[in-house]
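Asker: One file is attached below, target_1.cif, containing mmCIF, C-alpha atoms and all ligand atoms.
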```
data_start
#
loop_
_atom_site.label_atom_id
_atom_site.label_comp_id
_atom_site.auth_asym_id
_atom_site.auth_seq_id
_atom_site.Cartn_x
_atom_site.Cartn_y
_atom_site.Cartn_z
CA MET A 1 0.00 0.00 0.00
CA ALA A 2 1.24 3.53 -0.81
CA ASP A 3 2.14 5.72 2.16
CA PRO A 4 -0.65 7.96 3.43
CA TYR A 5 -0.52 11.64 2.52
CA ARG A 6 -0.11 13.18 5.97
CA VAL A 7 -2.04 16.36 6.77
CA VAL A 8 -1.95 18.41 9.97
CA VAL A 9 -4.79 20.91 10.44
CA LEU A 10 -4.43 23.99 12.66
CA VAL A 11 -7.65 25.45 14.10
CA SER A 12 -8.87 28.02 16.61
CA GLY A 13 -12.65 27.94 16.55
CA SER A 14 -15.70 26.24 15.17
CA GLY A 15 -13.84 24.06 12.69
CA SER A 16 -16.45 23.92 9.96
CA ASN A 17 -13.64 23.74 7.39
CA LEU A 18 -11.99 20.96 9.37
CA GLN A 19 -15.35 19.14 9.24
CA SER A 20 -15.44 19.55 5.49
CA LEU A 21 -11.96 18.02 5.26
CA ILE A 22 -13.02 15.15 7.53
CA ASP A 23 -16.14 14.53 5.44
CA HIS A 24 -14.58 14.88 2.00
CA VAL A 25 -10.90 13.93 2.04
CA HIS A 26 -9.88 12.29 5.32
CA GLU A 27 -9.25 8.60 4.91
CA PRO A 28 -6.86 6.66 7.14
CA GLY A 29 -4.12 5.32 4.90
CA GLY A 30 -5.06 7.75 2.10
CA ILE A 31 -5.17 11.50 2.55
CA GLU A 32 -5.02 11.26 6.31
CA ILE A 33 -5.46 14.05 8.86
CA VAL A 34 -2.91 12.81 11.35
CA ARG A 35 -3.38 15.56 13.95
CA VAL A 36 -5.48 18.63 14.67
CA VAL A 37 -3.76 21.36 16.67
CA SER A 38 -5.75 24.18 18.26
CA SER A 39 -4.57 27.54 19.57
CA LYS A 40 -7.42 27.36 22.13
CA GLU A 41 -8.81 24.85 24.58
CA GLY A 42 -12.45 23.81 24.45
CA VAL A 43 -13.27 24.83 20.89
CA LEU A 44 -15.78 22.96 18.74
CA ALA A 45 -13.03 22.10 16.21
CA LEU A 46 -11.39 19.85 18.83
CA GLU A 47 -14.68 18.03 19.42
CA ARG A 48 -15.04 17.49 15.69
CA ALA A 49 -11.52 16.00 15.50
CA GLU A 50 -12.15 13.75 18.49
CA GLY A 51 -15.45 12.65 16.97
CA ALA A 52 -13.54 11.51 13.90
CA GLY A 53 -10.90 9.72 16.00
CA ILE A 54 -8.14 12.18 15.02
CA PRO A 55 -5.48 12.93 17.66
CA THR A 56 -5.49 16.52 18.93
CA ALA A 57 -3.16 18.94 20.70
CA VAL A 58 -3.52 22.45 22.10
CA VAL A 59 -0.65 24.93 21.78
CA PRO A 60 -1.77 28.29 23.20
CA LEU A 61 -0.06 31.67 22.92
CA ALA A 62 -1.23 33.03 26.26
CA GLY A 63 1.50 34.65 28.34
CA ARG A 64 4.49 33.93 26.15
CA GLU A 65 6.41 35.26 23.17
CA ARG A 66 5.04 34.33 19.77
CA GLU A 67 8.43 32.81 18.76
CA VAL A 68 8.41 30.58 21.84
CA ARG A 69 4.90 29.37 21.04
CA ASP A 70 5.87 28.82 17.42
CA ALA A 71 8.91 26.74 18.35
CA GLU A 72 6.69 24.43 20.43
CA LEU A 73 4.07 24.35 17.69
CA ALA A 74 6.72 23.44 15.11
CA GLU A 75 7.86 20.51 17.27
CA VAL A 76 4.30 19.22 17.72
CA VAL A 77 3.62 19.48 13.98
CA ALA A 78 7.03 18.16 12.82
CA ALA A 79 6.54 15.06 14.98
CA GLU A 80 3.72 14.12 12.59
CA ARG A 81 6.01 14.33 9.52
CA PRO A 82 3.35 16.29 7.61
CA ASP A 83 3.21 16.52 3.84
CA LEU A 84 0.89 19.50 4.24
CA VAL A 85 -0.18 21.84 7.04
CA VAL A 86 -3.60 23.46 6.64
CA LEU A 87 -4.52 26.59 8.58
CA ALA A 88 -8.31 26.16 8.69
CA GLY A 89 -9.51 29.03 10.85
CA TRP A 90 -6.20 29.32 12.72
CA MET A 91 -6.59 32.82 14.14
CA SER A 92 -3.07 33.56 15.28
CA ILE A 93 -0.13 35.09 13.41
CA LEU A 94 2.65 32.60 12.70
CA THR A 95 6.30 33.68 12.61
CA GLY A 96 9.20 32.34 10.58
CA VAL A 97 10.10 30.15 13.54
CA PHE A 98 7.19 27.97 12.49
CA LEU A 99 6.82 28.70 8.77
CA ASP A 100 10.51 28.17 7.90
CA ARG A 101 10.27 24.61 9.18
CA PHE A 102 7.71 23.67 6.50
CA PRO A 103 8.63 25.55 3.32
CA ASP A 104 5.87 25.55 0.67
CA ARG A 105 3.86 23.17 2.82
CA VAL A 106 1.67 25.54 4.87
CA ILE A 107 -1.57 26.80 3.33
CA ASN A 108 -4.14 29.22 4.68
CA LEU A 109 -7.77 29.93 3.98
CA HIS A 110 -9.13 33.48 3.79
CA PRO A 111 -12.72 34.70 3.26
CA SER A 112 -12.03 37.23 0.46
CA LEU A 113 -10.42 37.44 -2.94
CA LEU A 114 -6.98 38.51 -1.78
CA PRO A 115 -5.34 41.00 -1.96
CA SER A 116 -8.70 42.65 -1.12
CA PHE A 117 -9.61 42.68 2.54
CA PRO A 118 -6.78 40.89 4.37
CA GLY A 119 -7.04 40.57 8.15
CA MET A 120 -9.78 39.72 10.60
CA HIS A 121 -12.86 41.45 9.17
CA ALA A 122 -12.84 40.56 5.50
CA ILE A 123 -16.57 39.88 5.19
CA GLU A 124 -17.65 43.03 7.05
CA GLN A 125 -15.21 45.10 4.98
CA ALA A 126 -16.54 43.67 1.72
CA LEU A 127 -20.06 44.71 2.78
CA ALA A 128 -18.91 48.14 3.94
CA TRP A 129 -17.19 48.71 0.60
CA GLY A 130 -20.22 47.70 -1.37
CA VAL A 131 -18.27 45.32 -3.60
CA GLN A 132 -20.47 43.10 -5.74
CA VAL A 133 -18.04 40.20 -5.81
CA THR A 134 -15.95 38.87 -2.96
CA GLY A 135 -14.89 35.28 -2.42
CA VAL A 136 -12.47 32.81 -0.94
CA THR A 137 -8.71 32.37 -1.30
CA VAL A 138 -6.51 29.40 -0.44
CA HIS A 139 -2.92 30.61 -0.43
CA PHE A 140 0.56 29.72 0.73
CA ALA A 141 1.08 31.04 4.26
CA GLU A 142 3.97 33.46 4.66
CA GLU A 143 5.01 35.82 7.41
CA VAL A 144 3.00 38.66 5.88
CA VAL A 145 -0.56 38.06 7.13
CA ASP A 146 -2.80 36.85 4.28
CA GLY A 147 0.05 37.79 1.94
CA GLY A 148 1.31 34.56 0.35
CA PRO A 149 0.62 33.64 -3.28
CA PRO A 150 -2.86 32.36 -4.12
CA ILE A 151 -3.35 28.68 -4.95
CA LEU A 152 -7.12 28.62 -5.54
CA GLN A 153 -9.63 31.46 -5.57
CA GLU A 154 -13.41 31.29 -5.94
CA PRO A 155 -15.66 34.32 -6.38
CA VAL A 156 -18.82 34.73 -4.31
CA ALA A 157 -21.49 37.27 -5.36
CA VAL A 158 -22.61 39.85 -2.81
CA MET A 159 -26.39 40.17 -3.13
CA TYR A 160 -28.26 43.43 -2.55
CA GLY A 161 -29.60 43.24 1.00
CA ASP A 162 -26.96 40.78 2.26
CA ASP A 163 -26.00 41.18 5.89
CA ALA A 164 -22.86 39.67 7.42
CA ASP A 165 -24.65 36.43 8.33
CA ALA A 166 -26.04 35.86 4.85
CA LEU A 167 -22.75 36.60 3.12
CA THR A 168 -20.79 34.54 5.65
CA ALA A 169 -23.04 31.54 4.96
CA ARG A 170 -22.37 31.77 1.20
CA ILE A 171 -18.64 32.25 1.73
CA ARG A 172 -18.51 29.24 4.06
CA GLU A 173 -20.12 27.07 1.38
CA ALA A 174 -17.39 28.09 -1.06
CA GLU A 175 -14.69 27.49 1.57
CA HIS A 176 -16.03 24.04 2.27
CA ARG A 177 -15.54 23.16 -1.40
CA LEU A 178 -12.24 24.93 -1.96
CA VAL A 179 -10.23 23.62 1.00
CA PRO A 180 -10.80 19.91 0.24
CA GLU A 181 -10.08 20.64 -3.42
CA ALA A 182 -6.76 22.30 -2.51
CA VAL A 183 -5.74 19.36 -0.32
CA ARG A 184 -6.62 16.87 -3.07
CA LEU A 185 -4.53 18.85 -5.57
CA PHE A 186 -1.54 18.89 -3.22
CA ALA A 187 -1.86 15.19 -2.53
CA ALA A 188 -1.88 14.53 -6.28
CA GLY A 189 1.29 16.63 -6.65
CA ARG A 190 -0.59 19.05 -8.89
CA VAL A 191 0.29 22.29 -7.06
CA VAL A 192 3.57 23.63 -8.36
CA ARG A 193 5.06 26.86 -7.05
CA ASP A 194 7.24 28.47 -9.70
CA PRO A 195 10.87 28.14 -8.53
CA VAL A 196 11.83 31.45 -10.18
CA ASP A 197 8.75 33.66 -9.86
CA ARG A 198 7.69 32.64 -6.37
CA ARG A 199 4.36 34.51 -6.65
CA ARG A 200 3.16 32.19 -9.40
CA VAL A 201 1.43 28.91 -8.65
CA ARG A 202 0.60 26.43 -11.39
CA ILE A 203 -2.18 23.90 -11.03
CA VAL A 204 -1.17 21.01 -13.25
CA PRO A 205 -4.21 19.80 -15.25
CA GLY A 206 -5.61 16.44 -14.18
CA ASP A 207 -4.86 14.80 -17.52
CA VAL A 208 -1.15 15.71 -17.40
CA GLU A 209 1.08 13.18 -15.72
CA VAL A 210 2.80 14.67 -12.67
CA GLN A 211 6.58 14.22 -12.72
C1 LIG A 301 -13.04 30.85 7.85
O1 LIG A 301 -13.89 31.86 7.37
C2 LIG A 301 -11.67 31.11 7.34
O2 LIG A 301 -11.68 31.71 6.08
C3 LIG A 301 -11.11 32.05 8.35
O3 LIG A 301 -11.63 31.59 9.57
C4 LIG A 301 -12.89 30.96 9.35
C5 LIG A 301 -12.82 29.61 10.03
O4 LIG A 301 -14.04 28.97 10.11
N1 LIG A 301 -9.67 32.07 8.26
P1 LIG A 301 -14.14 27.50 10.71
O5 LIG A 301 -13.41 27.48 12.05
O6 LIG A 301 -13.50 26.56 9.73
O7 LIG A 301 -15.60 27.23 10.86
#
```
Can you present the structure in this file as structure tokens?

Answerer:
Amino acid sequence: MADPYRVVVLVSGSGSNLQSLIDHVHEPGGIEIVRVVSSKEGVLALERAEGAGIPTAVVPLAGREREVRDAELAEVVAAERPDLVVLAGWMSILTGVFLDRFPDRVINLHPSLLPSFPGMHAIEQALAWGVQVTGVTVHFAEEVVDGGPPILQEPVAVMYGDDADALTARIREAEHRLVPEAVRLFAAGRVVRDPVDRRRVRIVPGDVEVQ
């Protein structure tokens, strides 16, 4: 049997995107979520992981330097020998102490079409701006918050009369499709970051054999 494709998921909250990964890609021995790490105790995401029989860990920031937290986090994650690390609602800035340990292997999910509306309030800002199209971005995580190159983007229409709840619900639906899709593409070796122009990401078509 081929080795499993090992995925670690980092969470901080409700974990609806983790649930989508559990429902759509997680398969012991296949694309396998080998650990879920939370920045907070007691969050619903941890319950979802436990419900699926996935080992969990909590690595909080409280009361210590970010670099110290990130060193511990890197050890916890590295112990799982991950092929991919997915930030699925991980609400805490990561430093190079963590990111440099997993080059081109950490991806983040953001509820806008970056570079529009980076940061914590992307959906509210899209509404405040009056944009007619917003969306979802899966991108490589880098030290600049929500600043790494996009891997997949999906537009979501903003309807006249939308409030934050209505738009959030539509954005979540798109996220729940896009994150599993990104993980499947990585596992198939179809995500290629250009070695020269590091901002460019190529998705190799499904009918092209991956070298
Ligand atoms: C998502 O909107 C994601 O884009 C953002 O945090 C939210 C996490 O939601 N980074 P959940 O915890 O997966 O339900």

Asker: How close does chain A get to ligand LIG 301 (chain A)? List, as a Markdown table, each residue of chain A within 10 Å, its nearest atom pair and the distance in Å to one decimal, counting all atoms listed in the file.

Answerer:
```
| residue | atom | partner | partner_atom | distance |
| --- | --- | --- | --- | --- |
| A:Leu10 | CA | A:LIG301 | O5 | 9.7 |
| A:Val11 | CA | A:LIG301 | O5 | 6.4 |
| A:Ser12 | CA | A:LIG301 | O5 | 6.5 |
| A:Gly13 | CA | A:LIG301 | O5 | 4.6 |
| A:Ser14 | CA | A:LIG301 | O5 | 4.1 |
| A:Gly15 | CA | A:LIG301 | O5 | 3.5 |
| A:Ser16 | CA | A:LIG301 | O7 | 3.5 |
| A:Asn17 | CA | A:LIG301 | O6 | 3.7 |
| A:Leu18 | CA | A:LIG301 | O6 | 5.8 |
| A:Gln19 | CA | A:LIG301 | O6 | 7.7 |
| A:Ser20 | CA | A:LIG301 | O6 | 8.4 |
| A:Leu21 | CA | A:LIG301 | O6 | 9.8 |
| A:Val43 | CA | A:LIG301 | O5 | 9.2 |
| A:Leu44 | CA | A:LIG301 | O5 | 8.4 |
| A:Ala45 | CA | A:LIG301 | O5 | 6.8 |
| A:Leu87 | CA | A:LIG301 | N1 | 7.5 |
| A:Ala88 | CA | A:LIG301 | O6 | 5.3 |
| A:Gly89 | CA | A:LIG301 | C5 | 3.5 |
| A:Trp90 | CA | A:LIG301 | N1 | 6.3 |
| A:Met91 | CA | A:LIG301 | N1 | 6.7 |
| A:Ser92 | CA | A:LIG301 | N1 | 9.7 |
| A:Asn108 | CA | A:LIG301 | N1 | 7.2 |
| A:Leu109 | CA | A:LIG301 | O2 | 4.8 |
| A:His110 | CA | A:LIG301 | O2 | 3.9 |
| A:Pro111 | CA | A:LIG301 | O2 | 4.2 |
| A:Ser112 | CA | A:LIG301 | O2 | 7.9 |
| A:Gly119 | CA | A:LIG301 | N1 | 8.9 |
| A:Met120 | CA | A:LIG301 | N1 | 8.0 |
| A:His121 | CA | A:LIG301 | C3 | 9.6 |
| A:Ala122 | CA | A:LIG301 | O2 | 8.9 |
| A:Ile123 | CA | A:LIG301 | O1 | 8.7 |
| A:Gly135 | CA | A:LIG301 | O2 | 9.8 |
| A:Val136 | CA | A:LIG301 | O2 | 7.1 |
| A:Thr137 | CA | A:LIG301 | O2 | 8.0 |
| A:Val138 | CA | A:LIG301 | O2 | 8.6 |
| A:Asp146 | CA | A:LIG301 | N1 | 9.3 |
| A:Thr168 | CA | A:LIG301 | O1 | 7.6 |
| A:Ala169 | CA | A:LIG301 | O1 | 9.5 |
| A:Ile171 | CA | A:LIG301 | O1 | 7.4 |
| A:Arg172 | CA | A:LIG301 | O1 | 6.3 |
| A:Glu173 | CA | A:LIG301 | O1 | 9.9 |
| A:Ala174 | CA | A:LIG301 | O2 | 9.8 |
| A:Glu175 | CA | A:LIG301 | O2 | 6.9 |
| A:His176 | CA | A:LIG301 | O6 | 8.3 |
| A:Val179 | CA | A:LIG301 | O2 | 9.7 |
```

Asker: Skipping near chain neighbours, those fewer than 4 positions away, what residues fall within 12 Å of range 189-199 of chain A using all atoms listed in the file, listed as a ChimeraX atom specification?

Answerer: /A:5,83-84,103-105,107,138-142,147-152,181-185,203-211

Asker: Report, in Å to a single decimal, how far apart CA of Pro55 in chain A and CA of Val7 in chain A are.

Answerer: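 Pair CA of Val7 in chain A / CA of Pro55 in chain A returns 11.9 Å.
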
Asker: Pick out the closest residue to Glu65 in chain A from this set: A:Arg81, A:Pro118, A:Val97, A:Glu124. Count all atoms listed in the file.

Answerer: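 Distance minimum relative to Glu65 in chain A lands on A:Val97.
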
Asker: With distances taken over only C-alpha atoms, which residue among A:Val201, A:Val85, A:Ala74, A:Leu127 lies nearest Asp165 in chain A?

Answerer: A:Leu127

Asker: So for range 106-113 of chain A, what box centre and size do we get, axis-aligned, 6 Å extra on each of the six sides, every listed atom, Å to one decimal, as AutoDock Vina command-line options?

Answerer:
```
--center_x -5.5 --center_y 31.5 --center_z 1.0 --size_x 26.4 --size_y 23.9 --size_z 19.8
```

Asker: Kindly give the distance, in Å, that separates CA of Gln132 in chain A and CA of Val86 in chain A, rounded to a single decimal.

Answerer: 28.7 Å

Asker: Can you work out the spacing between CA of Lys40 in chain A and CA of Val144 in chain A in Å, to one decimal?

Answerer: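 These atoms are spaced 22.4 Å apart.
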
Asker: For Gly53 in chain A, which of A:Val36, A:Val106, A:Ala188, A:Val68 is the closest residue, counting all atoms listed in the file?

Answerer: A:Val36

Asker: Using all atoms listed in the file and a cutoff of 8 Å, can you tell me which residues are near (2.6, 23.3, 20.0) in the file's coordinates, and write them out as a list of chain:residue names?

Answerer: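 The residues near that point, listed by chain and number, are A:Val37, A:Ala57, A:Val58, A:Val59, A:Pro60, A:Arg69, A:Asp70, A:Ala71, A:Glu72, A:Leu73, A:Ala74, A:Glu75, A:Val76, A:Val77.
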
Asker: Against range 25-28 of chain A, which residues of range 32-135 of chain A fall within 9 Å? For each one I want the closest pair of atoms and the distance in Å (one decimal), counting all atoms listed in the file, rows by chain and increasing residue number, as CSV.

Answerer:
```
residue,atom,partner,partner_atom,distance
A:Glu32,CA,A:Pro28,CA,5.0
A:Ile33,CA,A:His26,CA,5.9
A:Val34,CA,A:Pro28,CA,8.4
```

Asker: Assuming the input is short of atoms at range 171-182 of chain A, produce all heavy atoms for that part as a PDB file, keeping the file's coordinate frame.

Answerer:
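Just written: rebuild14.pdb:
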```
ATOM      1  N   ILE A 171     -20.110  32.386   1.791  1.00  0.00           N
ATOM      2  CA  ILE A 171     -18.640  32.250   1.730  1.00  0.00           C
ATOM      3  C   ILE A 171     -18.212  30.916   2.345  1.00  0.00           C
ATOM      4  O   ILE A 171     -17.346  30.226   1.812  1.00  0.00           O
ATOM      5  CB  ILE A 171     -17.966  33.464   2.408  1.00  0.00           C
ATOM      6  CG1 ILE A 171     -18.063  34.646   1.442  1.00  0.00           C
ATOM      7  CG2 ILE A 171     -16.528  33.157   2.801  1.00  0.00           C
ATOM      8  CD1 ILE A 171     -17.379  35.892   1.869  1.00  0.00           C
ATOM      9  N   ARG A 172     -18.840  30.532   3.434  1.00  0.00           N
ATOM     10  CA  ARG A 172     -18.510  29.240   4.060  1.00  0.00           C
ATOM     11  C   ARG A 172     -18.736  28.087   3.085  1.00  0.00           C
ATOM     12  O   ARG A 172     -17.931  27.164   2.993  1.00  0.00           O
ATOM     13  CB  ARG A 172     -19.348  28.992   5.311  1.00  0.00           C
ATOM     14  CG  ARG A 172     -18.958  29.798   6.501  1.00  0.00           C
ATOM     15  CD  ARG A 172     -17.683  29.285   7.166  1.00  0.00           C
ATOM     16  NE  ARG A 172     -17.463  29.982   8.415  1.00  0.00           N
ATOM     17  CZ  ARG A 172     -16.870  31.171   8.530  1.00  0.00           C
ATOM     18  NH1 ARG A 172     -16.387  31.764   7.454  1.00  0.00           N
ATOM     19  NH2 ARG A 172     -16.753  31.761   9.689  1.00  0.00           N
ATOM     20  N   GLU A 173     -19.856  28.141   2.360  1.00  0.00           N
ATOM     21  CA  GLU A 173     -20.120  27.070   1.380  1.00  0.00           C
ATOM     22  C   GLU A 173     -18.978  26.955   0.385  1.00  0.00           C
ATOM     23  O   GLU A 173     -18.544  25.851   0.039  1.00  0.00           O
ATOM     24  CB  GLU A 173     -21.386  27.403   0.564  1.00  0.00           C
ATOM     25  CG  GLU A 173     -22.657  26.907   1.144  1.00  0.00           C
ATOM     26  CD  GLU A 173     -23.827  27.323   0.246  1.00  0.00           C
ATOM     27  OE1 GLU A 173     -23.697  27.256  -0.990  1.00  0.00           O
ATOM     28  OE2 GLU A 173     -24.849  27.744   0.812  1.00  0.00           O
ATOM     29  N   ALA A 174     -18.507  28.104  -0.092  1.00  0.00           N
ATOM     30  CA  ALA A 174     -17.390  28.090  -1.060  1.00  0.00           C
ATOM     31  C   ALA A 174     -16.121  27.560  -0.389  1.00  0.00           C
ATOM     32  O   ALA A 174     -15.383  26.750  -0.965  1.00  0.00           O
ATOM     33  CB  ALA A 174     -17.168  29.489  -1.624  1.00  0.00           C
ATOM     34  N   GLU A 175     -15.874  27.989   0.847  1.00  0.00           N
ATOM     35  CA  GLU A 175     -14.690  27.490   1.570  1.00  0.00           C
ATOM     36  C   GLU A 175     -14.734  25.974   1.695  1.00  0.00           C
ATOM     37  O   GLU A 175     -13.722  25.297   1.509  1.00  0.00           O
ATOM     38  CB  GLU A 175     -14.630  28.096   2.976  1.00  0.00           C
ATOM     39  CG  GLU A 175     -14.311  29.566   3.001  1.00  0.00           C
ATOM     40  CD  GLU A 175     -14.221  30.121   4.414  1.00  0.00           C
ATOM     41  OE1 GLU A 175     -14.742  29.482   5.363  1.00  0.00           O
ATOM     42  OE2 GLU A 175     -13.624  31.181   4.585  1.00  0.00           O
ATOM     43  N   HIS A 176     -15.921  25.475   2.002  1.00  0.00           N
ATOM     44  CA  HIS A 176     -16.030  24.040   2.270  1.00  0.00           C
ATOM     45  C   HIS A 176     -15.804  23.198   1.018  1.00  0.00           C
ATOM     46  O   HIS A 176     -15.554  22.006   1.100  1.00  0.00           O
ATOM     47  CB  HIS A 176     -17.394  23.721   2.920  1.00  0.00           C
ATOM     48  CG  HIS A 176     -17.561  24.380   4.260  1.00  0.00           C
ATOM     49  ND1 HIS A 176     -18.758  24.495   4.908  1.00  0.00           N
ATOM     50  CD2 HIS A 176     -16.643  24.984   5.070  1.00  0.00           C
ATOM     51  CE1 HIS A 176     -18.578  25.139   6.059  1.00  0.00           C
ATOM     52  NE2 HIS A 176     -17.304  25.445   6.181  1.00  0.00           N
ATOM     53  N   ARG A 177     -15.922  23.831  -0.153  1.00  0.00           N
ATOM     54  CA  ARG A 177     -15.540  23.160  -1.400  1.00  0.00           C
ATOM     55  C   ARG A 177     -14.053  23.333  -1.695  1.00  0.00           C
ATOM     56  O   ARG A 177     -13.365  22.409  -2.121  1.00  0.00           O
ATOM     57  CB  ARG A 177     -16.291  23.776  -2.587  1.00  0.00           C
ATOM     58  CG  ARG A 177     -17.673  23.300  -2.825  1.00  0.00           C
ATOM     59  CD  ARG A 177     -18.135  23.748  -4.206  1.00  0.00           C
ATOM     60  NE  ARG A 177     -18.154  25.207  -4.358  1.00  0.00           N
ATOM     61  CZ  ARG A 177     -19.134  25.996  -3.953  1.00  0.00           C
ATOM     62  NH1 ARG A 177     -20.194  25.479  -3.353  1.00  0.00           N
ATOM     63  NH2 ARG A 177     -19.077  27.301  -4.127  1.00  0.00           N
ATOM     64  N   LEU A 178     -13.576  24.572  -1.473  1.00  0.00           N
ATOM     65  CA  LEU A 178     -12.240  24.930  -1.960  1.00  0.00           C
ATOM     66  C   LEU A 178     -11.122  24.276  -1.132  1.00  0.00           C
ATOM     67  O   LEU A 178     -10.094  23.866  -1.681  1.00  0.00           O
ATOM     68  CB  LEU A 178     -12.079  26.453  -1.921  1.00  0.00           C
ATOM     69  CG  LEU A 178     -11.304  27.074  -3.072  1.00  0.00           C
ATOM     70  CD1 LEU A 178     -12.004  26.784  -4.395  1.00  0.00           C
ATOM     71  CD2 LEU A 178     -11.141  28.573  -2.877  1.00  0.00           C
ATOM     72  N   VAL A 179     -11.304  24.176   0.166  1.00  0.00           N
ATOM     73  CA  VAL A 179     -10.230  23.620   1.000  1.00  0.00           C
ATOM     74  C   VAL A 179      -9.993  22.142   0.704  1.00  0.00           C
ATOM     75  O   VAL A 179      -8.850  21.734   0.458  1.00  0.00           O
ATOM     76  CB  VAL A 179     -10.507  23.870   2.510  1.00  0.00           C
ATOM     77  CG1 VAL A 179      -9.416  23.283   3.368  1.00  0.00           C
ATOM     78  CG2 VAL A 179     -10.607  25.350   2.771  1.00  0.00           C
ATOM     79  N   PRO A 180     -11.046  21.316   0.638  1.00  0.00           N
ATOM     80  CA  PRO A 180     -10.800  19.910   0.240  1.00  0.00           C
ATOM     81  C   PRO A 180     -10.182  19.809  -1.143  1.00  0.00           C
ATOM     82  O   PRO A 180      -9.306  18.975  -1.378  1.00  0.00           O
ATOM     83  CB  PRO A 180     -12.201  19.281   0.270  1.00  0.00           C
ATOM     84  CG  PRO A 180     -12.995  20.129   1.189  1.00  0.00           C
ATOM     85  CD  PRO A 180     -12.447  21.528   1.035  1.00  0.00           C
ATOM     86  N   GLU A 181     -10.626  20.679  -2.061  1.00  0.00           N
ATOM     87  CA  GLU A 181     -10.080  20.640  -3.420  1.00  0.00           C
ATOM     88  C   GLU A 181      -8.571  20.946  -3.383  1.00  0.00           C
ATOM     89  O   GLU A 181      -7.766  20.263  -4.040  1.00  0.00           O
ATOM     90  CB  GLU A 181     -10.825  21.666  -4.286  1.00  0.00           C
ATOM     91  CG  GLU A 181     -10.311  21.839  -5.706  1.00  0.00           C
ATOM     92  CD  GLU A 181     -10.467  20.584  -6.565  1.00  0.00           C
ATOM     93  OE1 GLU A 181     -11.100  19.629  -6.096  1.00  0.00           O
ATOM     94  OE2 GLU A 181      -9.912  20.574  -7.678  1.00  0.00           O
ATOM     95  N   ALA A 182      -8.184  21.949  -2.603  1.00  0.00           N
ATOM     96  CA  ALA A 182      -6.760  22.300  -2.510  1.00  0.00           C
ATOM     97  C   ALA A 182      -5.956  21.123  -1.954  1.00  0.00           C
ATOM     98  O   ALA A 182      -4.889  20.781  -2.476  1.00  0.00           O
ATOM     99  CB  ALA A 182      -6.576  23.534  -1.627  1.00  0.00           C
TER     100      ALA A 182
END
```
